[in-house]
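J.: You'll find target-v6.csv just under this line, and it carries CSV, C-alpha atoms.
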chain,number,residue,atom,x,y,z
A,1274,MET,CA,-132.4,-128.6,154.9
A,1275,TYR,CA,-131.4,-130.5,151.7
A,1276,ALA,CA,-130.6,-134.3,151.7
A,1277,HIS,CA,-127.0,-133.5,150.8
A,1278,ASP,CA,-126.6,-131.3,153.8
A,1279,ILE,CA,-128.2,-133.8,156.1
A,1280,ARG,CA,-125.9,-136.5,154.7
A,1281,LYS,CA,-122.8,-134.3,155.3
A,1282,GLN,CA,-123.8,-133.7,158.9
A,1283,MET,CA,-124.4,-137.5,159.5
A,1284,VAL,CA,-121.0,-138.4,158.1
A,1285,ALA,CA,-119.3,-135.6,160.0
A,1286,ARG,CA,-121.0,-136.7,163.3
A,1287,SER,CA,-120.1,-140.3,162.8
A,1288,GLU,CA,-116.5,-139.4,161.9
A,1289,ARG,CA,-116.2,-137.4,165.2
A,1290,ARG,CA,-117.5,-140.4,167.1
A,1291,GLY,CA,-114.9,-142.7,165.3
A,1292,VAL,CA,-117.5,-144.8,163.5
A,1293,ARG,CA,-116.0,-147.1,160.9
A,1294,ALA,CA,-117.4,-149.6,158.5
A,1295,GLN,CA,-118.3,-153.0,159.9
A,1296,GLY,CA,-116.8,-156.1,158.5
A,1297,GLY,CA,-118.6,-159.1,156.9
A,1298,CYS,CA,-119.0,-157.7,153.4
A,1299,SER,CA,-116.7,-158.2,150.3
A,1300,GLY,CA,-116.9,-154.6,149.3
A,1301,ALA,CA,-113.8,-152.4,149.0
A,1302,LEU,CA,-114.9,-149.9,151.7
A,1303,ALA,CA,-115.7,-152.7,154.1
A,1304,LYS,CA,-112.4,-154.5,153.5
A,1305,TRP,CA,-110.5,-151.3,154.3
A,1306,MET,CA,-112.8,-150.6,157.2
A,1307,ILE,CA,-113.7,-147.1,155.9
A,1308,GLY,CA,-117.0,-145.4,155.4
A,1309,VAL,CA,-120.0,-144.6,157.5
A,1310,PRO,CA,-123.0,-146.9,157.3
A,1311,ILE,CA,-126.3,-145.1,156.8
A,1312,LYS,CA,-129.7,-146.7,156.4
A,1313,PHE,CA,-132.2,-145.7,153.7
A,1314,ALA,CA,-135.8,-146.8,153.4
A,1315,GLY,CA,-137.0,-148.2,150.2
A,1316,GLY,CA,-137.6,-145.4,147.7
A,1317,GLY,CA,-135.4,-143.0,149.8
A,1318,GLU,CA,-133.0,-140.7,148.0
A,1319,ILE,CA,-129.3,-141.2,148.6
A,1320,TYR,CA,-128.2,-138.3,146.5
A,1321,GLY,CA,-129.8,-136.1,143.9
A,1322,GLU,CA,-129.1,-135.3,140.3
A,1323,GLY,CA,-126.9,-132.2,140.1
A,1324,GLU,CA,-125.6,-132.5,143.7
A,1325,PRO,CA,-121.9,-132.1,144.2
A,1326,VAL,CA,-119.8,-135.3,144.0
A,1327,ASP,CA,-118.5,-135.0,147.6
A,1328,PHE,CA,-119.0,-138.7,148.6
A,1329,VAL,CA,-118.4,-142.2,147.3
A,1330,TYR,CA,-121.0,-144.9,148.2
A,1331,GLU,CA,-121.0,-148.7,148.6
A,1332,VAL,CA,-124.0,-150.9,149.1
A,1333,ALA,CA,-123.6,-152.9,152.3
A,1334,HIS,CA,-127.1,-154.4,152.2
A,1335,GLY,CA,-130.1,-154.0,149.9
A,1336,ALA,CA,-130.2,-152.6,146.4
A,1337,VAL,CA,-129.9,-149.1,144.7
A,1338,ARG,CA,-130.9,-147.7,141.4
A,1339,THR,CA,-129.6,-144.5,139.6
A,1340,VAL,CA,-132.4,-142.5,138.1
A,1341,LYS,CA,-132.8,-139.5,135.7
A,1342,VAL,CA,-136.2,-137.9,134.9
A,1343,LEU,CA,-136.1,-136.8,131.2
A,1344,SER,CA,-137.6,-133.5,130.0
A,1345,ASP,CA,-140.8,-135.3,128.7
A,1346,GLY,CA,-141.4,-136.8,132.2
A,1347,ARG,CA,-140.1,-140.3,131.3
A,1348,ARG,CA,-137.8,-142.0,133.9
A,1349,GLN,CA,-134.5,-143.5,132.9
A,1350,ILE,CA,-132.6,-145.9,135.1
A,1351,GLY,CA,-128.9,-145.9,134.6
A,1352,GLY,CA,-127.9,-148.8,136.7
A,1353,PHE,CA,-128.6,-151.2,139.6
A,1354,TYR,CA,-126.2,-151.7,142.5
A,1355,PHE,CA,-126.1,-154.6,145.0
A,1356,ALA,CA,-124.2,-155.5,148.1
A,1357,GLY,CA,-120.5,-154.8,147.6
A,1358,ASP,CA,-121.0,-152.5,144.6
A,1359,ILE,CA,-119.5,-149.0,144.7
A,1360,PHE,CA,-121.4,-146.2,143.0
A,1361,GLY,CA,-121.3,-142.4,142.8
A,1362,LEU,CA,-117.7,-142.4,141.4
A,1363,GLU,CA,-118.1,-139.8,138.7
A,1364,ASP,CA,-115.4,-137.7,136.9
A,1365,GLY,CA,-117.5,-134.5,136.9
A,1366,ASP,CA,-118.2,-132.1,139.8
A,1367,SER,CA,-121.9,-133.0,140.0
A,1368,HIS,CA,-124.0,-136.2,139.8
A,1369,SER,CA,-125.6,-136.9,136.4
A,1370,PHE,CA,-128.2,-139.2,138.0
A,1371,SER,CA,-129.9,-139.3,141.3
A,1372,ALA,CA,-129.6,-142.5,143.4
A,1373,GLU,CA,-132.4,-144.2,145.3
A,1374,ALA,CA,-132.7,-147.2,147.6
A,1375,ILE,CA,-134.9,-149.8,145.9
A,1376,VAL,CA,-135.6,-151.6,149.1
A,1377,ASP,CA,-134.6,-150.9,152.7
A,1378,SER,CA,-130.8,-150.6,152.3
A,1379,THR,CA,-127.6,-149.8,154.2
A,1380,VAL,CA,-125.0,-147.8,152.3
A,1381,ARG,CA,-121.5,-147.0,153.4
A,1382,ILE,CA,-120.5,-143.4,152.6
A,1383,VAL,CA,-117.0,-142.0,152.6
A,1384,ARG,CA,-115.8,-138.5,151.6
A,1385,ARG,CA,-114.4,-138.5,148.1
A,1386,ARG,CA,-111.3,-136.5,149.1
A,1387,SER,CA,-110.7,-138.9,152.0
A,1388,LEU,CA,-110.8,-141.9,149.8
A,1389,ILE,CA,-108.5,-140.3,147.2
A,1390,ARG,CA,-106.1,-139.4,150.0
A,1391,LEU,CA,-106.1,-143.0,151.4
A,1392,ALA,CA,-105.6,-144.4,147.9
A,1393,GLY,CA,-102.6,-142.2,147.5
A,1394,HIS,CA,-100.9,-144.1,150.3
A,1395,ASP,CA,-102.3,-147.6,149.7
A,1396,ARG,CA,-101.4,-149.1,146.4
A,1397,GLU,CA,-103.8,-152.1,146.8
A,1398,LEU,CA,-106.8,-149.7,147.5
A,1399,ALA,CA,-105.8,-147.6,144.5
A,1400,GLN,CA,-105.7,-150.7,142.3
A,1401,ARG,CA,-109.1,-151.8,143.7
A,1402,LEU,CA,-110.7,-148.4,142.9
A,1403,LEU,CA,-109.2,-148.5,139.4
A,1404,ILE,CA,-110.8,-151.9,138.9
A,1405,VAL,CA,-114.2,-150.6,140.2
A,1406,THR,CA,-114.0,-147.7,137.8
A,1407,SER,CA,-113.1,-149.9,134.8
A,1408,GLN,CA,-116.0,-152.2,135.7
A,1409,GLU,CA,-118.4,-149.3,135.8
A,1410,VAL,CA,-117.2,-148.1,132.4
A,1411,THR,CA,-117.7,-151.6,131.0
A,1412,ARG,CA,-121.2,-151.8,132.5
A,1413,VAL,CA,-122.3,-148.5,131.1
A,1414,HIS,CA,-120.9,-149.5,127.7
A,1415,HIS,CA,-122.8,-152.8,127.8
A,1416,HIS,CA,-126.0,-151.0,128.8
A,1417,ALA,CA,-125.7,-148.6,125.9
A,1418,LEU,CA,-125.3,-151.6,123.5
A,1419,MET,CA,-128.2,-153.3,125.1
A,1420,LEU,CA,-130.5,-150.4,124.2
A,1421,ILE,CA,-130.0,-151.0,120.4
A,1422,LYS,CA,-131.3,-154.6,120.6
A,1423,THR,CA,-134.8,-155.9,120.2
A,1424,ALA,CA,-137.1,-155.9,123.2
A,1425,GLN,CA,-136.7,-159.7,123.7
A,1426,GLU,CA,-132.9,-159.4,123.4
A,1427,ARG,CA,-132.9,-156.5,125.9
A,1428,VAL,CA,-134.8,-158.6,128.5
A,1429,ALA,CA,-132.7,-161.6,127.9
A,1430,SER,CA,-129.5,-159.5,128.2
A,1431,PHE,CA,-130.9,-158.1,131.5
A,1432,LEU,CA,-131.5,-161.6,132.9
A,1433,VAL,CA,-127.9,-162.6,131.9
A,1434,GLU,CA,-126.6,-159.6,133.7
A,1435,MET,CA,-128.6,-160.3,136.8
A,1436,SER,CA,-127.6,-164.0,136.6
A,1437,GLU,CA,-123.9,-163.0,136.6
A,1438,ARG,CA,-124.3,-160.5,139.5
A,1439,ILE,CA,-126.9,-161.7,142.0
A,1440,SER,CA,-128.0,-165.2,141.3
A,1441,ILE,CA,-127.9,-168.1,143.8
A,1442,GLY,CA,-127.4,-171.0,141.5
A,1443,ALA,CA,-130.1,-170.7,138.9
A,1444,LEU,CA,-132.3,-168.5,141.1
A,1445,ILE,CA,-132.4,-164.8,140.6
A,1446,GLU,CA,-134.3,-162.8,143.3
A,1447,LEU,CA,-135.1,-159.5,141.7
A,1448,PRO,CA,-135.3,-156.6,144.2
A,1449,MET,CA,-136.5,-154.2,141.5
A,1450,SER,CA,-140.0,-154.0,140.0
A,1451,ARG,CA,-141.1,-154.7,136.5
A,1452,GLN,CA,-141.4,-150.9,136.0
A,1453,ASP,CA,-137.7,-150.5,137.1
A,1454,ILE,CA,-136.7,-153.1,134.6
A,1455,ALA,CA,-138.7,-151.4,131.8
A,1456,ASP,CA,-137.1,-148.0,132.6
A,1457,TYR,CA,-133.6,-149.6,132.6
A,1458,LEU,CA,-134.3,-151.3,129.2
A,1459,GLY,CA,-136.1,-148.4,127.6
A,1460,ILE,CA,-139.3,-150.4,126.9
A,1461,THR,CA,-142.8,-150.5,128.4
A,1462,ILE,CA,-143.7,-152.5,131.5
A,1463,GLU,CA,-146.2,-154.4,129.3
A,1464,THR,CA,-143.4,-155.5,126.9
A,1465,VAL,CA,-141.3,-156.6,129.9
A,1466,SER,CA,-144.2,-158.8,131.2
A,1467,ARG,CA,-144.9,-160.2,127.7
A,1468,THR,CA,-141.3,-161.0,127.1
A,1469,PHE,CA,-140.9,-162.8,130.5
A,1470,THR,CA,-143.9,-164.9,129.6
A,1471,SER,CA,-142.5,-165.6,126.2
A,1472,LEU,CA,-139.1,-166.7,127.6
A,1473,GLU,CA,-141.0,-169.0,130.1
A,1474,THR,CA,-142.9,-170.5,127.2
A,1475,GLN,CA,-139.6,-171.2,125.4
A,1476,SER,CA,-138.4,-172.9,128.6
A,1477,ALA,CA,-135.5,-170.5,128.9
A,1478,ILE,CA,-136.8,-169.4,132.4
A,1479,SER,CA,-139.5,-170.2,134.9
A,1480,LEU,CA,-141.3,-167.7,137.0
A,1481,PRO,CA,-142.2,-168.9,140.5
A,1482,ASN,CA,-143.5,-165.5,141.5
A,1483,ALA,CA,-143.3,-161.8,140.4
A,1484,ARG,CA,-139.8,-161.2,141.8
A,1485,ALA,CA,-138.2,-164.6,141.2
A,1486,VAL,CA,-136.7,-166.0,138.0
A,1487,ILE,CA,-135.2,-169.4,137.6
A,1488,VAL,CA,-132.8,-169.6,134.6
A,1489,ARG,CA,-133.4,-172.9,132.8
A,1490,ASP,CA,-131.3,-172.2,129.7
A,1491,LEU,CA,-128.6,-169.5,130.1
A,1492,ALA,CA,-127.2,-170.3,126.7
A,1493,ALA,CA,-130.6,-169.4,125.1
A,1494,LEU,CA,-130.6,-166.1,126.9
A,1495,ARG,CA,-127.2,-165.2,125.5
A,1496,LEU,CA,-128.2,-165.7,121.9
In structure tokens, what does this structure look like?

T.:
Amino acid sequence: MYAHDIRKQMVARSERRGVRAQGGCSGALAKWMIGVPIKFAGGGEIYGEGEPVDFVYEVAHGAVRTVKVLSDGRRQIGGFYFAGDIFGLEDGDSHSFSAEAIVDSTVRIVRRRSLIRLAGHDRELAQRLLIVTSQEVTRVHHHALMLIKTAQERVASFLVEMSERISIGALIELPMSRQDIADYLGITIETVSRTFTSLETQSAISLPNARAVIVRDLAALRL
């Protein structure tokens, strides 16, 4: 049985039992108490490239990446999603990327047609989904612009993005690996590591460990 069929069965079973999203998260699905929470182990596939766009997803806990394997075998990461982020909202009939949990994660899943029906009767929800869609378009645009920059500029732009999205003060705890970062930025893992070291030498950041970054000079990263 394919993952898509298993997911449909899990959602249907939970809907029959009256399972609804739990509170305590700022995400749109959590706020409206909709969506079925499903746990995925790190590296687990949430949906596959080419599968029907039947569901919409929101990260309740953990982190998710969208992935495409190119014809030459290289891996391209389209985006990273964190707690409260909605993903899988695509205008086509099938997913252009697959989605995977980066670490052990909980994802709320709602049927796309159910969400559209609810939004048709709830103006606030409809506006929230419009904002989410606009933000995703902007993120994709910024990612495309990032890929024409130099390697150091790409890494710096990535750190600015993570600082804006998941930092606690100056500290960024990165759930993704250096290889994930490389595949997101279209450079090699060696270039990512060298650039991190270079930025640390320039006192723009410090690196307490492999997954933690302390931003010392955000203005320098924005240049």

J.: Can you write out as CSV which residues of region 1414-1448 of chain A fall within 12 Å of region 1389-1409 of chain A, alongside each residue's closest atom pair and its distance in Å to one decimal, counting all atoms listed in the file and ordering rows by chain and ascending residue number?

T.:
residue,atom,partner,partner_atom,distance
A:His1414,CA,A:Glu1409,CA,8.5
A:His1415,CA,A:Glu1409,CA,9.8
A:His1416,CA,A:Glu1409,CA,10.5

J.: May I ask which of the residues A:Gly1335, A:Pro1310, A:Gly1351, A:Gly1321 is the closest one to Asp1377 (chain A), counting all atoms listed in the file?

T.: A:Gly1335

J.: Between A:Ser1440, A:Ser1479, A:Ser1369, A:Gln1452, which is the closest to Leu1343 (chain A) once you count all atoms listed in the file?

T.: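 Counting all atoms listed in the file, the residue closest to Leu1343 (chain A) is A:Ser1369.
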
J.: If we count only C-alpha atoms, what is near Thr1461 (chain A) at a cut-off of 10 Å, once residues fewer than 6 positions away on the same chain are taken out, given as a list in words?

T.: Ala1424, Arg1451, Gln1452, Ile1454, Ala1455 and Arg1467 of chain A

J.: If you keep C-alpha atoms, can you produce a file of those selected residues as a tab-separated table (two decimals), in the coordinates of the input?

T.:
chain	number	residue	atom	x	y	z
A	1424	ALA	CA	-137.10	-155.90	123.20
A	1451	ARG	CA	-141.10	-154.70	136.50
A	1452	GLN	CA	-141.40	-150.90	136.00
A	1454	ILE	CA	-136.70	-153.10	134.60
A	1455	ALA	CA	-138.70	-151.40	131.80
A	1467	ARG	CA	-144.90	-160.20	127.70

J.: I'd like to know which of A:Val1410, A:Val1340, A:Leu1362, A:Ala1485 is closest to Leu1388 (chain A), using all atoms listed in the file.

T.: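 When distances to Leu1388 (chain A) are compared using all atoms listed in the file, the smallest one comes from A:Leu1362.
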
J.: Given all atoms listed in the file as the basis, pick out the residue of A:His1334, A:Arg1484, A:Lys1422, A:Arg1347 nearest to Val1376 (chain A).

T.: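 Of the candidates, the smallest distance to Val1376 (chain A) is held by A:His1334.
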
J.: Can you list, as a ChimeraX atom specification, every protein, DNA or RNA residue that comes within 6 Å of Pro1325 (chain A) when you count all atoms listed in the file, leaving out same-chain residues fewer than 2 positions away?

T.: /A:1327,1366-1367

J.: Using all atoms listed in the file, which of A:Gly1316, A:Pro1481, A:Gly1361, A:Gly1442 sits nearest Ile1382 (chain A)?

T.: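 Using all atoms listed in the file, Ile1382 (chain A) sits closest to A:Gly1361.
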
J.: Report the distance between CA of Ala1336 (chain A) and CA of Ile1350 (chain A) in Å, rounded to one decimal place.

T.: 13.4 Å

J.: Of the candidates A:Arg1438, A:Ser1430, A:Gln1425, A:Val1486, which shows the shortest atom-to-atom distance to Thr1468 (chain A), using only C-alpha atoms?

T.: A:Gln1425

J.: Hey, can you check how far CA of Ala1303 (chain A) sits from CA of Pro1448 (chain A)?

T.: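 Those two atoms sit 22.3 Å apart.
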
J.: What is the CA of Gly1317 (chain A) to CA of Ile1375 (chain A) distance in Å?

T.: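 Straight-line distance from CA of Gly1317 (chain A) to CA of Ile1375 (chain A) works out to 7.9 Å.
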